[in-house]
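To start, the structure itself, in structure tokens.
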Amino acid sequence: MRFVTPVALALTLALTSGVVAAPAFAAKKEKAESAPKLNVSPAVIKPLQAAQAAMAKNDFATAKASIAEAEALAKSPDDRYQVNAVRLNLSISTKDPALQGDALRAMLDSGLVPAGQVGQFSGIVAESDLAAKNYDSALARAQTALKAGYMPQAVNVTIAQAYFGKAGTGNMNVEPGRTNTVNGLAALKAAIESSKAAGQAVPAQWYKIGVSRAAAAKSPDMGEWARLAYQAEPSGENLRTLIRIFQQGNPNISTRENLDVLRLMAASGGLVLAGDYLEYAETASRLGIYGEVKTAIDSGRSKGVLNASQGSDFYQPAVARIAGDKSTLGAAEADSRKGANGKIAAATADAQMGYGNYAKASELFALALQKGGVDADEVNTRLGIAKALGGDVAGAKAAFGAVQAGARKQIAGLWLTYLATKGA
């Protein structure tokens with residue numbers, strides 16, 4: 001994926017006999033520095049004047065030939081600087097980025113570029129080298145631009161792309177791909193920070209690239225990049241990535257914990273593939289939450305992700321039990337209120353939540369906490385889920401905030417990340 005960088009150029013060139021003024025070359029809103037005083041050979045000036053006259057008539061072929069003639073006659077750094085200054089004008093007129101890069105590169109190599117323009121010229125040459133896949137040269141030029149303080153929000157992007165280019169698209173978990181990827185991620189993070197400091201919006205694409213590269217290199221920062229990607233663009237797809245990273249990093253979570261993760265995927269629109277819906281339905285089925293099994297399969301089928309036969313092993317037994325299960329909920333609630341601890345209340349709340357009765361589930365989860373004798377972190381997690389699905393964002397945040405430790409705390413954190421994008 002290619003980044004978009006905000007480098008824009010403007011150029012004017014005055015050419016006279018004798019001492020020739022170099023281009024006043026500046027990015028938008030920047031003041032150009034005074035041109036160097038050059039002693040250009042008369043033999044070089046003549047074809048350059050011819051090139052200038054030809055460009056004024058849009059006769060670019062003649063201009064190019066005249067510049068080549070002047071280049072053949074150039075002997076000194078002053079001569080070469082001015083020849084390439086005119087070539088630079090030609091590149092702007094013909095909208096030729098490769099020619100522009102060649103001209104700026106030669107001007108920089110002459111050593112005559114004013115100090116205040118070295119950063120800009122180097123940044124643009126770095127971008128040209130990047131386009132040509134000359135990654136090491138791009139890095140060197142970009143580092144010069146960065147040292148000069150030129151547009152770090154753009155130059156760091158060039159550095160990131162150059163490192164990613166060196167890493168390639170193969171196995172980035174082995175050297176040198178891993179180191180190049182890690183260096184590229186550091187540059188991308190610096191570009192993000194510089195953009196924010198400059199008051200510029202950071203493209204959501206940058207975070208997605210960060211996630212992709214971090215995942216390929218198996219970087220421990222992968223989860224952080226996924227979190228930033230979701231914050232930048234709070235979509236179900238981005239939250240799904242964050243959730244899957246959590247699951248991969250916590251392969252030993254319990255079935256009950258995994259159900260609460262899958263509930264978040266469902267709530268955020270992150271169920272995308274057939275396997276997502278089937279995993280959700282199977283997990284709910286193993287825990288005897290029949291209403292949720294039916295909801296998961298029905299949702300997948302209605303969206304055309306599941307066909308009529310997929311999930312039947314879970315769906316048919318669940319549907320057959322729903323009526324009988326619902327008929328017991330009234331008695332279960334009465335037992336919950338009489339129970340010595342909160343276990344019956346928590347189990348009944350689970351069933352009520354599976355049927356979409358979020359207010360009743362919240363009431364019973366709160367009762368379970370009050371009576372005690374239950375896993376408080378699990379019950380608070382599910383109280384938070386019931387309140388979130390029921391529209392009580394503030395109450396959900398409070399419940400998730402009460403979760404204390406372990407995988408449950410991480411799961412609550414995922415829900416809080418999701419709720420941070422929702423209104424009160």
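Residue names in the structure tokens use chain letters A, B, ... in the order shown, residue numbers from 1 in each chain, and ligand numbers from 1 in the order shown.
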
- Task: DSSP on the backbone, then: every residue of segment 156-219 of chain A marked alpha helix (DSSP H), written as a ChimeraX atom specification.
- Result: /A:156-167,177-197,204-216

Save out the residues we just selected, N, CA and C atoms, as a short mmCIF file (atom, residue, chain, number, x, y, z; two decimals), in the first residue's frame.
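Contents of part-v3.cif, as written:
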data_model
loop_
_atom_site.label_atom_id
_atom_site.label_comp_id
_atom_site.auth_asym_id
_atom_site.auth_seq_id
_atom_site.Cartn_x
_atom_site.Cartn_y
_atom_site.Cartn_z
N ASN A 156 9.05 11.17 7.50
CA ASN A 156 9.00 9.91 8.22
C ASN A 156 8.17 8.86 7.49
N VAL A 157 7.19 9.31 6.73
CA VAL A 157 6.41 8.37 5.92
C VAL A 157 7.30 7.76 4.84
N THR A 158 8.12 8.60 4.21
CA THR A 158 9.05 8.10 3.20
C THR A 158 10.01 7.08 3.82
N ILE A 159 10.51 7.39 5.01
CA ILE A 159 11.41 6.47 5.70
C ILE A 159 10.71 5.14 5.99
N ALA A 160 9.48 5.23 6.47
CA ALA A 160 8.72 4.01 6.76
C ALA A 160 8.56 3.16 5.51
N GLN A 161 8.18 3.80 4.41
CA GLN A 161 7.97 3.06 3.17
C GLN A 161 9.26 2.43 2.65
N ALA A 162 10.37 3.16 2.81
CA ALA A 162 11.65 2.62 2.36
C ALA A 162 12.03 1.38 3.16
N TYR A 163 11.84 1.44 4.47
CA TYR A 163 12.13 0.25 5.29
C TYR A 163 11.20 -0.90 4.93
N PHE A 164 9.92 -0.60 4.72
CA PHE A 164 8.99 -1.65 4.35
C PHE A 164 9.35 -2.23 2.99
N GLY A 165 9.82 -1.36 2.09
CA GLY A 165 10.25 -1.84 0.78
C GLY A 165 11.44 -2.78 0.90
N LYS A 166 12.39 -2.44 1.78
CA LYS A 166 13.55 -3.31 2.00
C LYS A 166 13.11 -4.64 2.62
N ALA A 167 12.10 -4.57 3.49
CA ALA A 167 11.62 -5.80 4.15
C ALA A 167 10.95 -6.73 3.16
N GLY A 177 14.33 -8.95 7.26
CA GLY A 177 12.98 -8.41 7.12
C GLY A 177 12.41 -7.89 8.43
N ARG A 178 12.68 -8.63 9.52
CA ARG A 178 12.10 -8.21 10.80
C ARG A 178 12.63 -6.86 11.23
N THR A 179 13.97 -6.69 11.19
CA THR A 179 14.55 -5.41 11.62
C THR A 179 14.06 -4.26 10.74
N ASN A 180 14.01 -4.49 9.44
CA ASN A 180 13.51 -3.43 8.55
C ASN A 180 12.07 -3.09 8.85
N THR A 181 11.26 -4.10 9.15
CA THR A 181 9.86 -3.85 9.48
C THR A 181 9.73 -3.07 10.78
N VAL A 182 10.50 -3.48 11.79
CA VAL A 182 10.47 -2.77 13.08
C VAL A 182 10.90 -1.32 12.91
N ASN A 183 11.94 -1.08 12.12
CA ASN A 183 12.39 0.29 11.85
C ASN A 183 11.32 1.08 11.10
N GLY A 184 10.65 0.41 10.17
CA GLY A 184 9.59 1.08 9.43
C GLY A 184 8.42 1.45 10.32
N LEU A 185 8.08 0.57 11.25
CA LEU A 185 6.99 0.85 12.18
C LEU A 185 7.34 2.03 13.09
N ALA A 186 8.61 2.10 13.50
CA ALA A 186 9.04 3.22 14.34
C ALA A 186 8.92 4.54 13.57
N ALA A 187 9.30 4.51 12.29
CA ALA A 187 9.19 5.72 11.47
C ALA A 187 7.73 6.09 11.24
N LEU A 188 6.89 5.09 11.04
CA LEU A 188 5.46 5.35 10.84
C LEU A 188 4.85 5.96 12.09
N LYS A 189 5.25 5.46 13.25
CA LYS A 189 4.76 6.03 14.51
C LYS A 189 5.23 7.48 14.67
N ALA A 190 6.48 7.75 14.26
CA ALA A 190 7.00 9.11 14.31
C ALA A 190 6.22 10.02 13.36
N ALA A 191 5.84 9.51 12.20
CA ALA A 191 5.04 10.29 11.25
C ALA A 191 3.68 10.63 11.85
N ILE A 192 3.09 9.67 12.54
CA ILE A 192 1.79 9.89 13.18
C ILE A 192 1.90 10.97 14.25
N GLU A 193 2.92 10.86 15.08
CA GLU A 193 3.11 11.84 16.15
C GLU A 193 3.39 13.22 15.58
N SER A 194 4.20 13.29 14.52
CA SER A 194 4.52 14.58 13.89
C SER A 194 3.28 15.20 13.26
N SER A 195 2.46 14.37 12.64
CA SER A 195 1.24 14.87 12.02
C SER A 195 0.30 15.45 13.07
N LYS A 196 0.16 14.74 14.18
CA LYS A 196 -0.70 15.24 15.25
C LYS A 196 -0.16 16.55 15.81
N ALA A 197 1.16 16.62 15.97
CA ALA A 197 1.77 17.84 16.50
C ALA A 197 1.58 19.02 15.57
N ALA A 204 -6.47 7.01 8.36
CA ALA A 204 -6.72 5.72 9.02
C ALA A 204 -5.91 4.62 8.36
N GLN A 205 -5.60 4.78 7.09
CA GLN A 205 -4.82 3.79 6.35
C GLN A 205 -3.46 3.54 7.01
N TRP A 206 -2.86 4.58 7.59
CA TRP A 206 -1.54 4.41 8.20
C TRP A 206 -1.60 3.38 9.32
N TYR A 207 -2.67 3.43 10.13
CA TYR A 207 -2.80 2.48 11.23
C TYR A 207 -3.01 1.06 10.70
N LYS A 208 -3.78 0.93 9.64
CA LYS A 208 -4.01 -0.39 9.07
C LYS A 208 -2.72 -1.00 8.56
N ILE A 209 -1.89 -0.16 7.94
CA ILE A 209 -0.59 -0.64 7.48
C ILE A 209 0.25 -1.06 8.68
N GLY A 210 0.18 -0.29 9.77
CA GLY A 210 0.90 -0.64 10.98
C GLY A 210 0.47 -2.00 11.51
N VAL A 211 -0.84 -2.26 11.51
CA VAL A 211 -1.35 -3.55 11.97
C VAL A 211 -0.82 -4.68 11.08
N SER A 212 -0.93 -4.48 9.78
CA SER A 212 -0.52 -5.51 8.83
C SER A 212 0.96 -5.83 8.96
N ARG A 213 1.79 -4.80 9.03
CA ARG A 213 3.24 -5.01 9.13
C ARG A 213 3.62 -5.62 10.48
N ALA A 214 3.00 -5.13 11.55
CA ALA A 214 3.31 -5.66 12.87
C ALA A 214 2.91 -7.14 12.97
N ALA A 215 1.78 -7.48 12.35
CA ALA A 215 1.33 -8.87 12.36
C ALA A 215 2.30 -9.76 11.58
N ALA A 216 2.75 -9.26 10.42
CA ALA A 216 3.66 -10.05 9.59
C ALA A 216 4.99 -10.30 10.29
#

What lies within 9 Å of Gly401 of chain A using only C-alpha atoms, ignoring chain neighbours under 4 positions off, as an mmCIF file with C-alpha atoms, in the first residue's frame?
data_model
loop_
_atom_site.group_PDB
_atom_site.id
_atom_site.type_symbol
_atom_site.label_atom_id
_atom_site.label_comp_id
_atom_site.auth_asym_id
_atom_site.auth_seq_id
_atom_site.Cartn_x
_atom_site.Cartn_y
_atom_site.Cartn_z
ATOM 1 C CA ASN A 380 -19.387 -7.868 36.248
ATOM 2 C CA THR A 381 -18.279 -8.585 32.675
ATOM 3 C CA GLY A 384 -21.534 -4.801 31.513
ATOM 4 C CA ALA A 396 -21.867 -0.762 31.161
ATOM 5 C CA LYS A 397 -18.676 1.238 31.576
ATOM 6 C CA LYS A 409 -9.902 -7.599 32.669
ATOM 7 C CA ALA A 412 -13.585 -5.823 29.757
ATOM 8 C CA GLY A 413 -10.938 -3.556 28.214
ATOM 9 C CA LEU A 416 -14.539 -0.428 26.953
#

- Message: Give me the residues near segment 294-297 of chain A as a list in words, where near means some atom within 8 Å (using only C-alpha atoms) and where sequence neighbours in that chain fewer than 6 positions away do not count.
- Response: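 Residues near the query, excluding close chain neighbours: Tyr277, Leu278, Tyr280, Ala281, Leu306, Gly311, Tyr315, Ala318 and Val319 of chain A.
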
- Task: Rank nothing, just name the residue among A:Ala145, A:Ala154, A:Ala43, A:Ala366 nearest to Ala72 of chain A, using only C-alpha atoms.
- Result: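 When distances to Ala72 of chain A are compared using only C-alpha atoms, the smallest one comes from A:Ala43.
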
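When the distance limit is 9 Å and only C-alpha atoms are what count, the residues near Ile124 of chain A, minus those fewer than 5 positions from it on the same chain, are Val7, Gln100, Gly101, Leu104, Gly119, Asp129, Arg141, Ala142, Ala145 and Val155 of chain A.
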
Keeping only C-alpha atoms, take the residues you just selected and write them out as a PDB file, in the first residue's frame.
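Written out: again.pdb:
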ATOM      1  CA  VAL A   7       4.815  17.379  -0.555  1.00  0.00           C
ATOM      2  CA  GLN A 100      12.633  16.357 -11.230  1.00  0.00           C
ATOM      3  CA  GLY A 101      14.347  13.893  -8.921  1.00  0.00           C
ATOM      4  CA  LEU A 104      17.341  17.970  -7.545  1.00  0.00           C
ATOM      5  CA  GLY A 119      15.820  19.641   3.701  1.00  0.00           C
ATOM      6  CA  ASP A 129      14.259   7.331  -4.987  1.00  0.00           C
ATOM      7  CA  ARG A 141      18.189  11.404   1.530  1.00  0.00           C
ATOM      8  CA  ALA A 142      15.214  11.264   3.900  1.00  0.00           C
ATOM      9  CA  ALA A 145      15.790  16.005   5.189  1.00  0.00           C
ATOM     10  CA  VAL A 155       9.636  12.559   5.570  1.00  0.00           C
TER      11      VAL A 155
END

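Atom CA of Ala284 of chain A sits 12.4 Å away from atom CA of Ser254 of chain A.
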
- Task: Compare A:Val174, A:Asp136, A:Tyr358, A:Gln200 by their minimum atom-to-atom distance to Lys218 of chain A, counting only C-alpha atoms, and give me the closest one.
- Result: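 Going through A:Val174, A:Asp136, A:Tyr358, A:Gln200 one by one, the smallest distance to Lys218 of chain A is for A:Val174.
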
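Taking atom CA of Gly300 of chain A and atom CA of Phe314 of chain A as endpoints, the distance between them is 13.3 Å.
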
- Query: So which residues touch Ala361 of chain A within 7 Å, counting only C-alpha atoms, skipping near sequence neighbours fewer than 4 positions away, as a PyMOL selection string?
  - Reply: chain A and resi 349-350+352-353+357+365+386

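Omitting segment 58-64 of chain A and its sequence neighbours fewer than 4 positions away, and counting only C-alpha atoms, the residues within 8 Å are Ala50, Ala51, Gln52, Ala53, Ala54, Ala68, Arg87, Leu90 and Thr94 of chain A.
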
- What is the distance, in Å and to one decimal place, between atom CA of Arg337 of chain A and atom CA of Ile289 of chain A?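 Atom CA of Arg337 of chain A sits 21.1 Å away from atom CA of Ile289 of chain A.
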